[in-house]
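*Asks:* Sharing a structure here in structure tokens format.
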Amino acid sequence: MEKQISLSDSEWKLMNRLWERSPMTIMELTAALRAETGWAKNTVITMLSRLEAKGAVRPEQGERAKQYHPALERKDAARTETENFLGKVYSGSLGLMMSALVESRGLTEADIAELSAILEKAGGGAG
């Protein structure tokens, strides 16, 4: 069983950059995140230290500077986030939860097709 790593909103921002492109140095991450977050280099260093302690990133010494790689896959982080969310929100009524989701955001045809496929896979299909 893989270790579950929970990420803060800020950690998600940094991890999203690494999932998009890795490895990245501290300076590259700072530049990539500056417009979105306004973070200075020291903030990025602090975030990377936390993520490394959690086992979400791994540094490797590059030619000039450390390069950071994601050690956590996006799908695993998303699964943990979903389980945490459901643990907080889900109170036994799946219908109520789905109704709230649909009302708050609406579903596209693609969303409905994806949900149908998930239900089919889970054995909830009519076929």
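Letters A, B, ... mark the chains of the structure tokens in the order given; residue numbers begin at 1 per chain; ligand numbers begin at 1, in order shown.
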List the neighbours of Glu52 in chain A out to 10 Å using only C-alpha atoms; skip same-chain residues closer than 5 positions along the sequence, and give me the result as a PyMOL selection string.
*Replies:* chain A and resi 46-47+57-59+68-71
*Asks:* With N, CA and C atoms kept, could you save the residues just selected as an mmCIF file, in the first residue's frame?
*Replies:*
```cif
data_model
loop_
_atom_site.group_PDB
_atom_site.id
_atom_site.type_symbol
_atom_site.label_atom_id
_atom_site.label_comp_id
_atom_site.auth_asym_id
_atom_site.auth_seq_id
_atom_site.Cartn_x
_atom_site.Cartn_y
_atom_site.Cartn_z
ATOM 1 N N THR A 46 11.494 26.822 1.376
ATOM 2 C CA THR A 46 10.731 26.294 2.518
ATOM 3 C C THR A 46 9.723 25.246 2.056
ATOM 4 N N MET A 47 9.002 25.562 0.960
ATOM 5 C CA MET A 47 7.996 24.620 0.442
ATOM 6 C C MET A 47 8.669 23.316 -0.004
ATOM 7 N N VAL A 57 8.741 15.153 -3.029
ATOM 8 C CA VAL A 57 9.756 15.525 -4.017
ATOM 9 C C VAL A 57 11.080 14.890 -3.631
ATOM 10 N N ARG A 58 11.938 14.754 -4.645
ATOM 11 C CA ARG A 58 13.290 14.261 -4.371
ATOM 12 C C ARG A 58 14.282 15.130 -5.134
ATOM 13 N N PRO A 59 15.299 15.610 -4.412
ATOM 14 C CA PRO A 59 16.310 16.427 -5.067
ATOM 15 C C PRO A 59 17.442 15.552 -5.609
ATOM 16 N N TYR A 68 14.876 19.302 -8.702
ATOM 17 C CA TYR A 68 13.799 18.638 -7.967
ATOM 18 C C TYR A 68 12.877 17.889 -8.916
ATOM 19 N N HIS A 69 12.580 16.663 -8.514
ATOM 20 C CA HIS A 69 11.682 15.776 -9.254
ATOM 21 C C HIS A 69 10.487 15.456 -8.365
ATOM 22 N N PRO A 70 9.306 15.261 -8.941
ATOM 23 C CA PRO A 70 8.195 14.780 -8.110
ATOM 24 C C PRO A 70 8.440 13.323 -7.736
ATOM 25 N N ALA A 71 8.283 12.998 -6.476
ATOM 26 C CA ALA A 71 8.401 11.623 -6.007
ATOM 27 C C ALA A 71 7.011 11.037 -5.791
#
```
*Asks:* Please report, as JSON lines, each residue of range 30-99 of chain A lying at most 10 Å from range 12-16 of chain A, together with the nearest pair of atoms and the separation in Å rounded to one decimal; use only C-alpha atoms, and order rows by chain and ascending residue number.
*Replies:*
```
{"residue": "A:Thr30", "atom": "CA", "partner": "A:Leu14", "partner_atom": "CA", "distance": 9.3}
{"residue": "A:Ala32", "atom": "CA", "partner": "A:Leu14", "partner_atom": "CA", "distance": 9.1}
{"residue": "A:Leu33", "atom": "CA", "partner": "A:Leu14", "partner_atom": "CA", "distance": 7.3}
{"residue": "A:Glu36", "atom": "CA", "partner": "A:Lys13", "partner_atom": "CA", "distance": 8.8}
{"residue": "A:Thr37", "atom": "CA", "partner": "A:Lys13", "partner_atom": "CA", "distance": 8.6}
{"residue": "A:Val44", "atom": "CA", "partner": "A:Leu14", "partner_atom": "CA", "distance": 8.1}
{"residue": "A:Met47", "atom": "CA", "partner": "A:Leu14", "partner_atom": "CA", "distance": 7.9}
{"residue": "A:Leu48", "atom": "CA", "partner": "A:Leu14", "partner_atom": "CA", "distance": 8.3}
{"residue": "A:Leu51", "atom": "CA", "partner": "A:Met15", "partner_atom": "CA", "distance": 8.8}
{"residue": "A:Ala56", "atom": "CA", "partner": "A:Met15", "partner_atom": "CA", "distance": 8.3}
{"residue": "A:Val57", "atom": "CA", "partner": "A:Met15", "partner_atom": "CA", "distance": 8.3}
{"residue": "A:His69", "atom": "CA", "partner": "A:Met15", "partner_atom": "CA", "distance": 9.3}
{"residue": "A:Pro70", "atom": "CA", "partner": "A:Met15", "partner_atom": "CA", "distance": 7.0}
{"residue": "A:Ala71", "atom": "CA", "partner": "A:Met15", "partner_atom": "CA", "distance": 9.8}
{"residue": "A:Leu72", "atom": "CA", "partner": "A:Met15", "partner_atom": "CA", "distance": 8.8}
{"residue": "A:Glu73", "atom": "CA", "partner": "A:Met15", "partner_atom": "CA", "distance": 9.5}
{"residue": "A:Arg74", "atom": "CA", "partner": "A:Asn16", "partner_atom": "CA", "distance": 8.1}
{"residue": "A:Ala77", "atom": "CA", "partner": "A:Trp12", "partner_atom": "CA", "distance": 9.0}
{"residue": "A:Ala78", "atom": "CA", "partner": "A:Trp12", "partner_atom": "CA", "distance": 9.9}
```
*Asks:* Keeping only all heavy atoms, take the residues you just selected and write them out as a CSV table (one decimal), in the first residue's frame.
*Replies:*
```csv
chain,number,residue,atom,x,y,z
A,30,THR,N,10.9,29.2,-8.7
A,30,THR,CA,10.6,30.5,-8.3
A,30,THR,C,10.1,31.4,-9.4
A,30,THR,O,9.0,32.0,-9.3
A,30,THR,CB,11.8,31.2,-7.6
A,30,THR,OG1,12.3,30.4,-6.5
A,30,THR,CG2,11.5,32.6,-7.1
A,32,ALA,N,8.8,30.3,-12.2
A,32,ALA,CA,7.5,29.7,-12.7
A,32,ALA,C,6.3,30.1,-11.8
A,32,ALA,O,5.2,30.2,-12.3
A,32,ALA,CB,7.6,28.2,-12.9
A,33,LEU,N,6.6,30.2,-10.5
A,33,LEU,CA,5.5,30.4,-9.6
A,33,LEU,C,5.3,31.9,-9.3
A,33,LEU,O,4.3,32.3,-8.6
A,33,LEU,CB,5.8,29.7,-8.3
A,33,LEU,CG,5.6,28.1,-8.4
A,33,LEU,CD1,6.3,27.4,-7.2
A,33,LEU,CD2,4.1,27.8,-8.5
A,36,GLU,N,1.9,33.7,-10.3
A,36,GLU,CA,0.7,33.1,-9.7
A,36,GLU,C,0.7,33.3,-8.1
A,36,GLU,O,-0.3,33.6,-7.6
A,36,GLU,CB,0.7,31.6,-9.9
A,36,GLU,CG,-0.4,30.9,-9.3
A,36,GLU,CD,-0.4,29.3,-9.5
A,36,GLU,OE1,0.6,28.8,-10.1
A,36,GLU,OE2,-1.3,28.7,-9.0
A,37,THR,N,1.9,33.3,-7.5
A,37,THR,CA,1.9,33.3,-6.1
A,37,THR,C,2.6,34.5,-5.5
A,37,THR,O,2.4,34.8,-4.3
A,37,THR,CB,2.7,32.0,-5.5
A,37,THR,OG1,4.0,32.1,-6.0
A,37,THR,CG2,2.0,30.8,-6.0
A,44,VAL,N,10.0,29.3,-1.7
A,44,VAL,CA,10.1,28.1,-2.5
A,44,VAL,C,11.0,27.1,-1.8
A,44,VAL,O,10.6,25.9,-1.8
A,44,VAL,CB,10.6,28.4,-4.0
A,44,VAL,CG1,10.8,27.2,-4.8
A,44,VAL,CG2,9.5,29.3,-4.7
A,47,MET,N,9.0,25.6,1.0
A,47,MET,CA,8.0,24.6,0.4
A,47,MET,C,8.7,23.3,0.0
A,47,MET,O,8.2,22.2,0.3
A,47,MET,CB,7.3,25.2,-0.7
A,47,MET,CG,6.5,26.5,-0.4
A,47,MET,SD,5.1,26.2,0.7
A,47,MET,CE,4.1,25.1,-0.3
A,48,LEU,N,9.8,23.4,-0.7
A,48,LEU,CA,10.5,22.2,-1.1
A,48,LEU,C,11.0,21.4,0.0
A,48,LEU,O,10.9,20.2,0.0
A,48,LEU,CB,11.7,22.6,-2.0
A,48,LEU,CG,11.3,23.0,-3.5
A,48,LEU,CD1,12.5,23.7,-4.2
A,48,LEU,CD2,10.8,21.9,-4.3
A,51,LEU,N,8.0,19.5,1.3
A,51,LEU,CA,7.6,18.5,0.4
A,51,LEU,C,8.6,17.3,0.4
A,51,LEU,O,8.2,16.2,0.3
A,51,LEU,CB,7.4,19.0,-1.0
A,51,LEU,CG,6.2,19.9,-1.2
A,51,LEU,CD1,6.3,20.7,-2.5
A,51,LEU,CD2,4.9,19.1,-1.2
A,56,ALA,N,7.3,13.9,-1.1
A,56,ALA,CA,6.6,14.2,-2.3
A,56,ALA,C,7.6,14.7,-3.4
A,56,ALA,O,7.2,14.6,-4.6
A,56,ALA,CB,5.6,15.3,-2.0
A,57,VAL,N,8.7,15.2,-3.0
A,57,VAL,CA,9.8,15.5,-4.0
A,57,VAL,C,11.1,14.9,-3.6
A,57,VAL,O,11.3,14.6,-2.5
A,57,VAL,CB,10.0,17.1,-4.1
A,57,VAL,CG1,8.7,17.7,-4.6
A,57,VAL,CG2,10.5,17.7,-2.9
A,69,HIS,N,12.6,16.7,-8.5
A,69,HIS,CA,11.7,15.8,-9.3
A,69,HIS,C,10.5,15.5,-8.4
A,69,HIS,O,10.6,15.3,-7.1
A,69,HIS,CB,12.4,14.4,-9.6
A,69,HIS,CG,13.6,14.6,-10.4
A,69,HIS,ND1,13.6,14.3,-11.7
A,69,HIS,CD2,14.9,14.9,-10.0
A,69,HIS,CE1,14.9,14.5,-12.2
A,69,HIS,NE2,15.6,14.8,-11.2
A,70,PRO,N,9.3,15.3,-8.9
A,70,PRO,CA,8.2,14.8,-8.1
A,70,PRO,C,8.4,13.3,-7.7
A,70,PRO,O,8.8,12.5,-8.6
A,70,PRO,CB,7.0,14.9,-9.0
A,70,PRO,CG,7.5,15.0,-10.4
A,70,PRO,CD,8.9,15.5,-10.3
A,71,ALA,N,8.3,13.0,-6.5
A,71,ALA,CA,8.4,11.6,-6.0
A,71,ALA,C,7.0,11.0,-5.8
A,71,ALA,O,6.9,9.9,-5.4
A,71,ALA,CB,9.2,11.6,-4.7
A,72,LEU,N,6.0,11.9,-6.0
A,72,LEU,CA,4.6,11.5,-5.8
A,72,LEU,C,3.9,11.7,-7.2
A,72,LEU,O,4.1,12.7,-7.8
A,72,LEU,CB,4.0,12.4,-4.8
A,72,LEU,CG,2.5,12.4,-4.5
A,72,LEU,CD1,2.1,11.1,-3.9
A,72,LEU,CD2,2.1,13.6,-3.6
A,73,GLU,N,3.1,10.7,-7.6
A,73,GLU,CA,2.4,10.9,-8.8
A,73,GLU,C,1.2,11.7,-8.6
A,73,GLU,O,0.5,11.6,-7.5
A,73,GLU,CB,2.0,9.5,-9.4
A,73,GLU,CG,3.2,8.7,-9.9
A,73,GLU,CD,2.8,7.5,-10.7
A,73,GLU,OE1,1.8,7.6,-11.5
A,73,GLU,OE2,3.5,6.5,-10.6
A,74,ARG,N,0.8,12.5,-9.6
A,74,ARG,CA,-0.4,13.3,-9.5
A,74,ARG,C,-1.6,12.5,-9.2
A,74,ARG,O,-2.4,12.9,-8.3
A,74,ARG,CB,-0.6,14.1,-10.8
A,74,ARG,CG,-1.7,15.1,-10.7
A,74,ARG,CD,-2.1,15.7,-12.1
A,74,ARG,NE,-1.0,16.3,-12.8
A,74,ARG,CZ,-0.8,17.6,-13.0
A,74,ARG,NH1,-1.7,18.4,-12.5
A,74,ARG,NH2,0.2,18.0,-13.7
A,77,ALA,N,-1.7,11.7,-5.5
A,77,ALA,CA,-2.1,12.9,-4.7
A,77,ALA,C,-3.5,13.2,-4.8
A,77,ALA,O,-4.2,13.5,-3.8
A,77,ALA,CB,-1.2,14.1,-5.1
A,78,ALA,N,-4.1,13.1,-6.0
A,78,ALA,CA,-5.5,13.4,-6.2
A,78,ALA,C,-6.4,12.4,-5.5
A,78,ALA,O,-7.4,12.7,-4.9
A,78,ALA,CB,-5.8,13.4,-7.7
```
*Asks:* Pick out the closest residue to Gly55 in chain A from this set: A:Lys121, A:Ser116, A:Lys41, A:Gln4. Count only C-alpha atoms.
*Replies:* A:Gln4
*Asks:* I'd like to know which of A:Leu29, A:Thr80, A:Leu86, A:Trp39 is closest to Met98 in chain A, using only C-alpha atoms.
*Replies:*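 Comparing A:Leu29, A:Thr80, A:Leu86, A:Trp39 against Met98 in chain A, the winner is A:Leu86.
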*Asks:* Step one, run DSSP on the backbone; step two, keep only residues of chain A assigned to strand (DSSP E); then write them as a PDB file with all heavy atoms, in the first residue's frame.
*Replies:*
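Listing of selection_39.pdb after writing:
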```
ATOM      1  N   VAL A  57       8.741  15.153  -3.029  1.00  0.00           N
ATOM      2  CA  VAL A  57       9.756  15.525  -4.017  1.00  0.00           C
ATOM      3  C   VAL A  57      11.080  14.890  -3.631  1.00  0.00           C
ATOM      4  O   VAL A  57      11.303  14.553  -2.469  1.00  0.00           O
ATOM      5  CB  VAL A  57       9.953  17.061  -4.147  1.00  0.00           C
ATOM      6  CG1 VAL A  57       8.681  17.750  -4.586  1.00  0.00           C
ATOM      7  CG2 VAL A  57      10.489  17.679  -2.882  1.00  0.00           C
ATOM      8  N   ARG A  58      11.938  14.754  -4.645  1.00  0.00           N
ATOM      9  CA  ARG A  58      13.290  14.261  -4.371  1.00  0.00           C
ATOM     10  C   ARG A  58      14.282  15.130  -5.134  1.00  0.00           C
ATOM     11  O   ARG A  58      14.115  15.380  -6.324  1.00  0.00           O
ATOM     12  CB  ARG A  58      13.445  12.798  -4.724  1.00  0.00           C
ATOM     13  CG  ARG A  58      13.227  12.452  -6.146  1.00  0.00           C
ATOM     14  CD  ARG A  58      13.425  10.952  -6.423  1.00  0.00           C
ATOM     15  NE  ARG A  58      13.056  10.648  -7.777  1.00  0.00           N
ATOM     16  CZ  ARG A  58      13.772  10.951  -8.851  1.00  0.00           C
ATOM     17  NH1 ARG A  58      14.937  11.548  -8.708  1.00  0.00           N
ATOM     18  NH2 ARG A  58      13.359  10.664 -10.069  1.00  0.00           N
ATOM     19  N   PRO A  59      15.299  15.610  -4.412  1.00  0.00           N
ATOM     20  CA  PRO A  59      16.310  16.427  -5.067  1.00  0.00           C
ATOM     21  C   PRO A  59      17.442  15.552  -5.609  1.00  0.00           C
ATOM     22  O   PRO A  59      17.730  14.490  -5.071  1.00  0.00           O
ATOM     23  CB  PRO A  59      16.824  17.314  -3.937  1.00  0.00           C
ATOM     24  CG  PRO A  59      16.653  16.474  -2.711  1.00  0.00           C
ATOM     25  CD  PRO A  59      15.456  15.600  -2.962  1.00  0.00           C
ATOM     26  N   GLU A  60      18.042  16.014  -6.685  1.00  0.00           N
ATOM     27  CA  GLU A  60      19.257  15.396  -7.214  1.00  0.00           C
ATOM     28  C   GLU A  60      20.218  16.524  -7.518  1.00  0.00           C
ATOM     29  O   GLU A  60      19.797  17.579  -7.992  1.00  0.00           O
ATOM     30  CB  GLU A  60      18.958  14.627  -8.511  1.00  0.00           C
ATOM     31  CG  GLU A  60      18.237  13.331  -8.307  1.00  0.00           C
ATOM     32  CD  GLU A  60      18.007  12.585  -9.630  1.00  0.00           C
ATOM     33  OE1 GLU A  60      18.538  13.021 -10.676  1.00  0.00           O
ATOM     34  OE2 GLU A  60      17.292  11.589  -9.601  1.00  0.00           O
ATOM     35  N   GLN A  61      21.488  16.293  -7.234  1.00  0.00           N
ATOM     36  CA  GLN A  61      22.469  17.338  -7.516  1.00  0.00           C
ATOM     37  C   GLN A  61      22.697  17.411  -9.017  1.00  0.00           C
ATOM     38  O   GLN A  61      23.079  16.435  -9.643  1.00  0.00           O
ATOM     39  CB  GLN A  61      23.786  17.061  -6.791  1.00  0.00           C
ATOM     40  CG  GLN A  61      24.771  18.201  -6.878  1.00  0.00           C
ATOM     41  CD  GLN A  61      24.224  19.521  -6.334  1.00  0.00           C
ATOM     42  OE1 GLN A  61      23.657  19.583  -5.245  1.00  0.00           O
ATOM     43  NE2 GLN A  61      24.373  20.576  -7.112  1.00  0.00           N
ATOM     44  N   LYS A  66      20.793  21.977  -7.337  1.00  0.00           N
ATOM     45  CA  LYS A  66      19.894  20.838  -7.113  1.00  0.00           C
ATOM     46  C   LYS A  66      18.730  20.917  -8.076  1.00  0.00           C
ATOM     47  O   LYS A  66      18.205  22.000  -8.352  1.00  0.00           O
ATOM     48  CB  LYS A  66      19.345  20.845  -5.678  1.00  0.00           C
ATOM     49  CG  LYS A  66      20.264  20.267  -4.663  1.00  0.00           C
ATOM     50  CD  LYS A  66      19.552  20.184  -3.320  1.00  0.00           C
ATOM     51  CE  LYS A  66      20.499  19.719  -2.245  1.00  0.00           C
ATOM     52  NZ  LYS A  66      19.851  19.723  -0.935  1.00  0.00           N
ATOM     53  N   GLN A  67      18.317  19.765  -8.548  1.00  0.00           N
ATOM     54  CA  GLN A  67      17.153  19.674  -9.407  1.00  0.00           C
ATOM     55  C   GLN A  67      16.114  18.826  -8.687  1.00  0.00           C
ATOM     56  O   GLN A  67      16.444  17.786  -8.121  1.00  0.00           O
ATOM     57  CB  GLN A  67      17.516  19.041 -10.746  1.00  0.00           C
ATOM     58  CG  GLN A  67      18.523  19.876 -11.508  1.00  0.00           C
ATOM     59  CD  GLN A  67      18.699  19.407 -12.927  1.00  0.00           C
ATOM     60  OE1 GLN A  67      18.434  18.252 -13.251  1.00  0.00           O
ATOM     61  NE2 GLN A  67      19.132  20.301 -13.789  1.00  0.00           N
ATOM     62  N   TYR A  68      14.876  19.302  -8.702  1.00  0.00           N
ATOM     63  CA  TYR A  68      13.799  18.638  -7.967  1.00  0.00           C
ATOM     64  C   TYR A  68      12.877  17.889  -8.916  1.00  0.00           C
ATOM     65  O   TYR A  68      12.475  18.395  -9.954  1.00  0.00           O
ATOM     66  CB  TYR A  68      13.015  19.656  -7.139  1.00  0.00           C
ATOM     67  CG  TYR A  68      13.829  20.160  -5.976  1.00  0.00           C
ATOM     68  CD1 TYR A  68      14.734  21.206  -6.141  1.00  0.00           C
ATOM     69  CD2 TYR A  68      13.740  19.551  -4.735  1.00  0.00           C
ATOM     70  CE1 TYR A  68      15.510  21.654  -5.084  1.00  0.00           C
ATOM     71  CE2 TYR A  68      14.509  19.987  -3.668  1.00  0.00           C
ATOM     72  CZ  TYR A  68      15.396  21.038  -3.853  1.00  0.00           C
ATOM     73  OH  TYR A  68      16.166  21.463  -2.802  1.00  0.00           O
ATOM     74  N   HIS A  69      12.580  16.663  -8.514  1.00  0.00           N
ATOM     75  CA  HIS A  69      11.682  15.776  -9.254  1.00  0.00           C
ATOM     76  C   HIS A  69      10.487  15.456  -8.365  1.00  0.00           C
ATOM     77  O   HIS A  69      10.648  15.322  -7.150  1.00  0.00           O
ATOM     78  CB  HIS A  69      12.382  14.437  -9.565  1.00  0.00           C
ATOM     79  CG  HIS A  69      13.612  14.555 -10.380  1.00  0.00           C
ATOM     80  ND1 HIS A  69      13.632  14.346 -11.724  1.00  0.00           N
ATOM     81  CD2 HIS A  69      14.892  14.863 -10.030  1.00  0.00           C
ATOM     82  CE1 HIS A  69      14.861  14.499 -12.180  1.00  0.00           C
ATOM     83  NE2 HIS A  69      15.645  14.824 -11.178  1.00  0.00           N
ATOM     84  N   PRO A  70       9.306  15.261  -8.941  1.00  0.00           N
ATOM     85  CA  PRO A  70       8.195  14.780  -8.110  1.00  0.00           C
ATOM     86  C   PRO A  70       8.440  13.323  -7.736  1.00  0.00           C
ATOM     87  O   PRO A  70       8.822  12.516  -8.580  1.00  0.00           O
ATOM     88  CB  PRO A  70       6.976  14.926  -9.027  1.00  0.00           C
ATOM     89  CG  PRO A  70       7.515  15.006 -10.409  1.00  0.00           C
ATOM     90  CD  PRO A  70       8.927  15.486 -10.323  1.00  0.00           C
TER      91      PRO A  70
END
```
*Asks:* Range 4-69 of chain A: which residues are alpha helix (DSSP H) by DSSP, as JSON, numbers by chain?
*Replies:* {"A": [9, 10, 11, 12, 13, 14, 15, 16, 17, 18, 19, 20, 26, 27, 28, 29, 30, 31, 32, 33, 34, 35, 36, 37, 41, 42, 43, 44, 45, 46, 47, 48, 49, 50, 51, 52, 53, 54]}
*Asks:* So how many Å separate CA of Ala113 in chain A and CA of Asp76 in chain A, to one decimal?
*Replies:* 22.8 Å
